[in-house]
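Shown next: input-v2.csv, containing CSV, C-alpha atoms.
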chain,number,residue,atom,x,y,z
M,1,MET,CA,-12.2,61.9,138.8
M,2,ALA,CA,-10.6,62.4,135.4
M,3,ALA,CA,-7.5,63.7,137.1
M,4,LEU,CA,-7.0,60.5,139.1
M,5,VAL,CA,-4.4,58.1,137.7
M,6,CYS,CA,-5.6,54.6,138.3
M,7,PRO,CA,-3.0,51.8,137.8
M,8,LEU,CA,-5.5,49.1,138.5
M,9,LEU,CA,-8.1,50.3,136.2
M,10,VAL,CA,-7.7,51.6,132.7
M,11,LEU,CA,-10.8,53.1,131.1
M,12,SER,CA,-11.3,54.2,127.5
M,13,ALA,CA,-14.9,55.0,126.6
M,14,ALA,CA,-14.5,57.6,123.9
M,15,ALA,CA,-16.6,55.6,121.5
M,16,CYS,CA,-19.9,54.1,122.6
M,17,THR,CA,-21.2,52.2,119.6
M,18,PRO,CA,-23.7,49.4,120.0
M,19,GLY,CA,-22.3,45.9,120.0
M,20,THR,CA,-23.3,42.3,120.6
M,21,SER,CA,-23.9,41.4,124.2
M,22,HIS,CA,-22.6,38.2,125.8
M,23,GLU,CA,-24.7,35.2,126.7
M,24,ASP,CA,-24.1,33.0,129.7
M,25,ALA,CA,-21.7,34.4,132.3
M,26,LYS,CA,-18.5,32.6,133.0
M,27,PRO,CA,-16.6,32.2,136.3
M,28,PRO,CA,-14.1,35.0,137.0
M,29,SER,CA,-10.4,34.6,136.1
M,30,ALA,CA,-7.7,35.9,138.3
M,31,ASP,CA,-5.5,36.9,135.4
M,32,PRO,CA,-7.1,38.9,132.6
M,33,SER,CA,-3.8,39.1,130.7
M,34,THR,CA,-4.1,35.4,129.8
M,35,SER,CA,-7.3,35.8,128.0
M,36,PRO,CA,-7.2,35.8,124.2
M,37,SER,CA,-9.9,38.5,124.2
M,38,GLY,CA,-7.8,40.8,126.4
M,39,GLY,CA,-7.0,44.3,125.2
M,40,LYS,CA,-3.7,46.2,125.1
M,41,ASN,CA,-1.1,45.8,127.9
M,42,GLY,CA,-3.0,42.9,129.4
M,43,SER,CA,-6.3,44.8,129.7
M,44,LEU,CA,-9.6,43.2,129.3
M,45,ARG,CA,-12.5,44.6,127.2
M,46,LEU,CA,-15.5,45.5,129.4
M,47,THR,CA,-17.7,43.3,127.3
M,48,ASP,CA,-15.5,40.3,128.0
M,49,ALA,CA,-15.0,41.2,131.6
M,50,VAL,CA,-18.8,41.2,132.1
M,51,GLY,CA,-18.8,37.7,130.6
M,52,ARG,CA,-16.4,36.5,133.4
M,53,LEU,CA,-18.8,37.4,136.2
M,54,ASN,CA,-20.4,34.4,137.9
M,55,VAL,CA,-24.2,34.6,137.9
M,56,SER,CA,-25.9,33.5,141.1
M,57,ARG,CA,-28.9,34.3,143.3
M,58,GLU,CA,-28.4,36.9,146.0
M,59,ALA,CA,-29.4,36.8,149.6
M,60,ARG,CA,-29.7,39.7,152.0
M,61,ALA,CA,-30.3,37.5,155.1
M,62,GLY,CA,-28.2,38.5,158.1
M,63,TYR,CA,-26.8,41.7,156.6
M,64,GLU,CA,-25.9,44.5,159.0
M,65,ARG,CA,-23.8,47.5,158.0
M,66,ASP,CA,-21.8,47.2,161.2
M,67,LYS,CA,-20.4,43.9,160.0
M,68,PHE,CA,-18.1,46.0,157.7
M,69,ARG,CA,-15.7,48.0,159.8
M,70,LEU,CA,-15.4,51.4,158.2
M,71,TRP,CA,-12.7,54.0,157.9
M,72,THR,CA,-9.7,52.5,159.5
M,73,ASP,CA,-6.1,53.9,159.4
M,74,ALA,CA,-4.3,50.8,158.2
M,75,ASP,CA,-0.9,52.6,157.7
M,76,HIS,CA,-1.2,54.5,161.0
M,77,ASP,CA,-0.4,57.9,159.3
M,78,GLY,CA,-3.2,59.7,161.0
M,79,CYS,CA,-5.5,59.7,157.9
M,80,ASP,CA,-8.3,57.2,157.9
M,81,THR,CA,-9.7,55.6,154.7
M,82,ARG,CA,-12.1,58.4,154.0
M,83,LYS,CA,-9.4,61.1,154.2
M,84,GLU,CA,-7.0,59.0,152.1
M,85,VAL,CA,-9.6,58.9,149.3
M,86,LEU,CA,-10.2,62.6,149.6
M,87,LEU,CA,-6.5,63.3,149.3
M,88,ALA,CA,-6.0,60.9,146.4
M,89,GLU,CA,-9.0,62.2,144.4
M,90,ALA,CA,-8.6,66.0,145.0
M,91,VAL,CA,-8.5,68.1,141.8
M,92,LYS,CA,-7.0,70.8,144.1
M,93,LYS,CA,-5.3,69.4,147.1
M,94,PRO,CA,-6.7,70.4,150.5
M,95,ARG,CA,-4.5,71.6,153.3
M,96,GLN,CA,-3.7,68.9,155.7
M,97,GLY,CA,-3.5,69.8,159.4
M,98,LYS,CA,-3.1,68.1,162.7
M,99,SER,CA,-4.8,64.7,162.9
M,100,CYS,CA,-5.3,64.8,159.1
M,101,LYS,CA,-7.8,67.6,159.3
M,102,LEU,CA,-8.5,68.7,155.7
M,103,THR,CA,-9.5,72.2,154.7
M,104,GLY,CA,-9.9,73.8,151.3
M,105,GLY,CA,-9.5,71.7,148.2
M,106,SER,CA,-11.8,70.7,145.4
M,107,TRP,CA,-13.1,67.5,143.9
M,108,ARG,CA,-15.0,66.4,140.8
M,109,SER,CA,-17.9,64.1,141.5
M,110,TYR,CA,-18.2,62.0,138.3
M,111,TYR,CA,-21.6,60.6,139.2
M,112,ASP,CA,-23.2,64.0,138.5
M,113,ASP,CA,-20.3,65.9,136.9
M,114,LYS,CA,-20.1,68.5,139.6
M,115,THR,CA,-17.2,70.3,141.3
M,116,ILE,CA,-17.4,70.2,145.1
M,117,THR,CA,-15.3,72.5,147.2
M,118,ASP,CA,-16.4,71.4,150.7
M,119,ALA,CA,-15.3,67.9,151.7
M,120,ARG,CA,-18.3,67.7,154.1
M,121,LYS,CA,-20.5,67.6,151.0
M,122,LEU,CA,-18.9,64.5,149.7
M,123,ASP,CA,-19.6,60.8,150.4
M,124,ILE,CA,-16.9,58.2,150.0
M,125,ASP,CA,-18.9,55.7,148.0
M,126,HIS,CA,-18.3,51.9,147.8
M,127,VAL,CA,-18.9,51.5,144.1
M,128,VAL,CA,-20.3,48.1,144.9
M,129,PRO,CA,-22.2,48.9,148.1
M,130,LEU,CA,-21.6,47.0,151.3
M,131,ALA,CA,-25.1,45.4,151.2
M,132,GLU,CA,-24.6,44.4,147.5
M,133,ALA,CA,-21.2,42.9,148.4
M,134,TRP,CA,-22.9,40.9,151.3
M,135,ASP,CA,-25.6,39.6,148.9
M,136,SER,CA,-23.0,38.5,146.4
M,137,GLY,CA,-20.4,36.7,148.5
M,138,ALA,CA,-19.3,38.8,151.5
M,139,SER,CA,-21.7,37.1,153.8
M,140,LYS,CA,-19.3,34.1,153.8
M,141,TRP,CA,-16.2,36.2,154.5
M,142,THR,CA,-14.4,36.6,157.8
M,143,ALA,CA,-14.8,39.9,159.6
M,144,GLN,CA,-11.2,40.8,158.7
M,145,ARG,CA,-11.9,40.3,155.0
M,146,ARG,CA,-15.1,42.5,155.2
M,147,GLU,CA,-13.0,45.2,156.8
M,148,GLN,CA,-10.4,45.0,154.0
M,149,TYR,CA,-13.3,45.3,151.5
M,150,ALA,CA,-14.8,48.3,153.3
M,151,ASN,CA,-11.4,50.1,153.3
M,152,ASP,CA,-10.0,49.0,149.9
M,153,LEU,CA,-7.3,51.4,149.0
M,154,GLY,CA,-5.5,48.8,146.9
M,155,ALA,CA,-7.8,49.5,143.9
M,156,GLU,CA,-8.3,53.2,143.4
M,157,ARG,CA,-11.7,52.7,141.8
M,158,SER,CA,-13.4,50.6,144.5
M,159,LEU,CA,-14.0,53.8,146.6
M,160,VAL,CA,-14.8,57.1,145.0
M,161,ALA,CA,-15.6,60.6,146.3
M,162,VAL,CA,-19.0,61.7,145.0
M,163,SER,CA,-21.7,64.2,145.7
M,164,LEU,CA,-24.1,63.4,148.6
M,165,GLY,CA,-27.3,63.6,146.4
M,166,PRO,CA,-26.6,60.9,143.8
M,167,ASN,CA,-24.9,58.6,146.3
M,168,ARG,CA,-27.9,58.7,148.7
M,169,THR,CA,-30.2,58.1,145.8
M,170,LYS,CA,-28.1,55.1,144.8
M,171,GLY,CA,-28.2,53.5,148.2
M,172,ASP,CA,-27.5,49.8,147.8
M,173,LYS,CA,-28.9,49.5,144.3
M,174,ASP,CA,-27.1,47.6,141.5
M,175,PRO,CA,-26.8,48.7,137.9
M,176,SER,CA,-30.1,47.2,137.0
M,177,GLU,CA,-31.7,49.6,139.4
M,178,TRP,CA,-29.5,52.7,139.3
M,179,MET,CA,-26.9,54.4,137.1
M,180,PRO,CA,-25.2,57.8,137.6
M,181,PRO,CA,-27.2,60.7,136.3
M,182,ALA,CA,-24.3,62.2,134.3
M,183,LYS,CA,-24.5,60.8,130.8
M,184,ASP,CA,-20.7,60.6,130.5
M,185,ALA,CA,-20.4,58.5,133.7
M,186,THR,CA,-22.2,55.4,132.3
M,187,CYS,CA,-19.2,53.6,130.9
M,188,THR,CA,-16.9,54.6,133.8
M,189,TYR,CA,-19.3,53.4,136.4
M,190,ALA,CA,-20.0,50.1,134.7
M,191,THR,CA,-16.2,49.5,134.4
M,192,ASP,CA,-15.6,50.4,138.1
M,193,TRP,CA,-18.4,48.1,139.1
M,194,VAL,CA,-17.2,45.1,137.1
M,195,ALA,CA,-13.6,45.6,138.1
M,196,THR,CA,-14.6,45.6,141.8
M,197,LYS,CA,-16.7,42.5,141.4
M,198,LEU,CA,-13.9,40.6,139.7
M,199,ARG,CA,-11.3,41.9,142.2
M,200,TRP,CA,-13.3,40.5,145.1
M,201,GLN,CA,-14.8,37.5,143.3
M,202,LEU,CA,-18.3,38.7,143.9
M,203,THR,CA,-21.2,37.3,141.9
M,204,VAL,CA,-24.0,39.1,140.0
M,205,ASP,CA,-27.7,38.2,139.8
M,206,ARG,CA,-29.4,37.8,136.5
M,207,ALA,CA,-30.9,41.3,136.3
M,208,GLU,CA,-27.6,42.8,137.2
M,209,ALA,CA,-25.8,40.7,134.6
M,210,LYS,CA,-28.3,41.7,131.9
M,211,ALA,CA,-28.0,45.4,132.7
M,212,LEU,CA,-24.2,45.2,132.6
M,213,ARG,CA,-24.2,43.4,129.2
M,214,THR,CA,-26.5,46.1,127.8
M,215,VAL,CA,-24.3,49.0,129.1
M,216,ALA,CA,-21.0,47.2,128.0
M,217,ALA,CA,-22.4,46.8,124.5
M,218,GLY,CA,-22.5,50.6,124.2
M,219,CYS,CA,-19.0,51.0,125.7
M,220,ARG,CA,-17.0,49.2,123.0
M,221,ASP,CA,-13.7,50.9,123.8
M,222,ALA,CA,-13.9,50.5,127.6
M,223,THR,CA,-11.2,48.3,129.0
M,224,LEU,CA,-10.1,47.3,132.5
M,225,THR,CA,-7.5,45.4,134.5
M,226,PHE,CA,-8.0,44.1,138.0
M,227,THR,CA,-5.8,42.7,140.7
M,228,PRO,CA,-7.5,40.0,142.8
M,229,ALA,CA,-7.8,41.0,146.4
M,230,SER,CA,-5.4,39.1,148.7

Before we go any further, please render this structure as structure tokens.
Amino acid sequence: MAALVCPLLVLSAAACTPGTSHEDAKPPSADPSTSPSGGKNGSLRLTDAVGRLNVSREARAGYERDKFRLWTDADHDGCDTRKEVLLAEAVKKPRQGKSCKLTGGSWRSYYDDKTITDARKLDIDHVVPLAEAWDSGASKWTAQRREQYANDLGAERSLVAVSLGPNRTKGDKDPSEWMPPAKDATCTYATDWVATKLRWQLTVDRAEAKALRTVAAGCRDATLTFTPAS
């Protein structure tokens, strides 16, 4: 993941010194560059970004995974969303054959800090899982918007290629219930999560907000920018 250039997300987590967490969450803002607490180049500090998340109760009623249409080929180039992510995140590019069949290549799974050389041993993870998105706002969306979320290539950190093991363990858990096993992944994952929630104007529950504030306090140099989903 370190080799992937992400124009929508800037992360710097070299220093993780404890800090003061935020109190009540505030509604999200569509333009972080207007905030007086923004970082360089219009970026927003992770601690401040967490404070912009809207806290609300979550409800799983009515959720079905099939309500999110997966792995479409929006640009009709023969490569569906899964393969687009694999191509974008490859440390060593795979060979691309007929019908976008991929062979060879290698990837770095940042959840567990492992190198994977077989695409079949990778999941394309929705950083904010589909069920979690449903709980925090997507239940009110149209089918078309849920499809856009499930195949979000407009923000390069909404979908990530990761090892099967940690992704299956994660399931639909939020950061109050699960964090990546690799120590160095903590700040990156929290930043990816918050950026995705702000991009799609999804809410957080109280336990989730508390966990994110705790993590963000230890990621004092972490910053992000986000583009609201259209």

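Near Val162 of chain M, within 8 Å and counting only C-alpha atoms, sit M:Arg108, M:Ser109, M:Tyr110, M:Tyr111, M:Leu122, M:Asp123, M:Ile124, M:Asp125, M:Val160, M:Leu164, M:Pro166, M:Asn167, not including residues fewer than 2 positions from it in the same chain.
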
To one decimal in Å, tell me the separation between atom CA of Gln144 of chain M and atom CA of Arg69 of chain M. 8.6 Å

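Of the residues under consideration (M:Asp113, M:Lys67, M:Arg206, M:Asp80), M:Lys67 shows the shortest atom-to-atom contact distance to Trp141 of chain M when counting all atoms listed in the file.
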
Neighbour list for Ala138 of chain M as a tab-separated table (two decimals) with C-alpha atoms, in the coordinates of the input, cut-off 10 Å, only C-alpha atoms, skip fewer than 4 positions in-chain:
chain	number	residue	atom	x	y	z
M	63	TYR	CA	-26.80	41.70	156.60
M	67	LYS	CA	-20.40	43.90	160.00
M	68	PHE	CA	-18.10	46.00	157.70
M	130	LEU	CA	-21.60	47.00	151.30
M	131	ALA	CA	-25.10	45.40	151.20
M	132	GLU	CA	-24.60	44.40	147.50
M	133	ALA	CA	-21.20	42.90	148.40
M	134	TRP	CA	-22.90	40.90	151.30
M	142	THR	CA	-14.40	36.60	157.80
M	143	ALA	CA	-14.80	39.90	159.60
M	145	ARG	CA	-11.90	40.30	155.00
M	146	ARG	CA	-15.10	42.50	155.20
M	149	TYR	CA	-13.30	45.30	151.50
M	200	TRP	CA	-13.30	40.50	145.10
M	201	GLN	CA	-14.80	37.50	143.30
M	202	LEU	CA	-18.30	38.70	143.90
M	203	THR	CA	-21.20	37.30	141.90

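Each of M:Ala119, M:Val91, M:Val50, M:Ala74 was compared to Ala190 of chain M using all atoms listed in the file, and M:Val50 turns out to be the nearest.
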
Give me, as a VMD selection string, all polymer residues having an atom no more than 12 Å from Trp71 of chain M, counting all atoms listed in the file and skipping those fewer than 3 positions away in the same chain. chain M and resid 66 68 74 to 76 78 to 85 124 to 126 147 to 153 159

Option closest in space to Lys98 of chain M, from M:Asp77, M:Thr223, M:Ala195, M:Pro175 [counting only C-alpha atoms]: M:Asp77

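Each of M:Ala185, M:Ala49, M:Ala90, M:Val194 was compared to Ile116 of chain M using all atoms listed in the file, and M:Ala90 turns out to be the nearest.
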
Figure out the distance between atom CA of Trp193 of chain M and atom CA of Ala216 of chain M, please, to one decimal in Å. 11.4 Å

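For the pair atom CA of Lys92 of chain M and atom CA of Lys121 of chain M, the interatomic distance is 15.5 Å.
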
Go through M:Arg45, M:Arg157, M:Lys197, M:Lys210 one by one, measure the shortest atom-to-atom distance of each to Glu177 of chain M using only C-alpha atoms, and give the residue with the smallest value. M:Lys210

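The closest residue to Ala155 of chain M, picked from M:Met179, M:Leu224, M:Ala61, M:Val215 and counting only C-alpha atoms, is M:Leu224.
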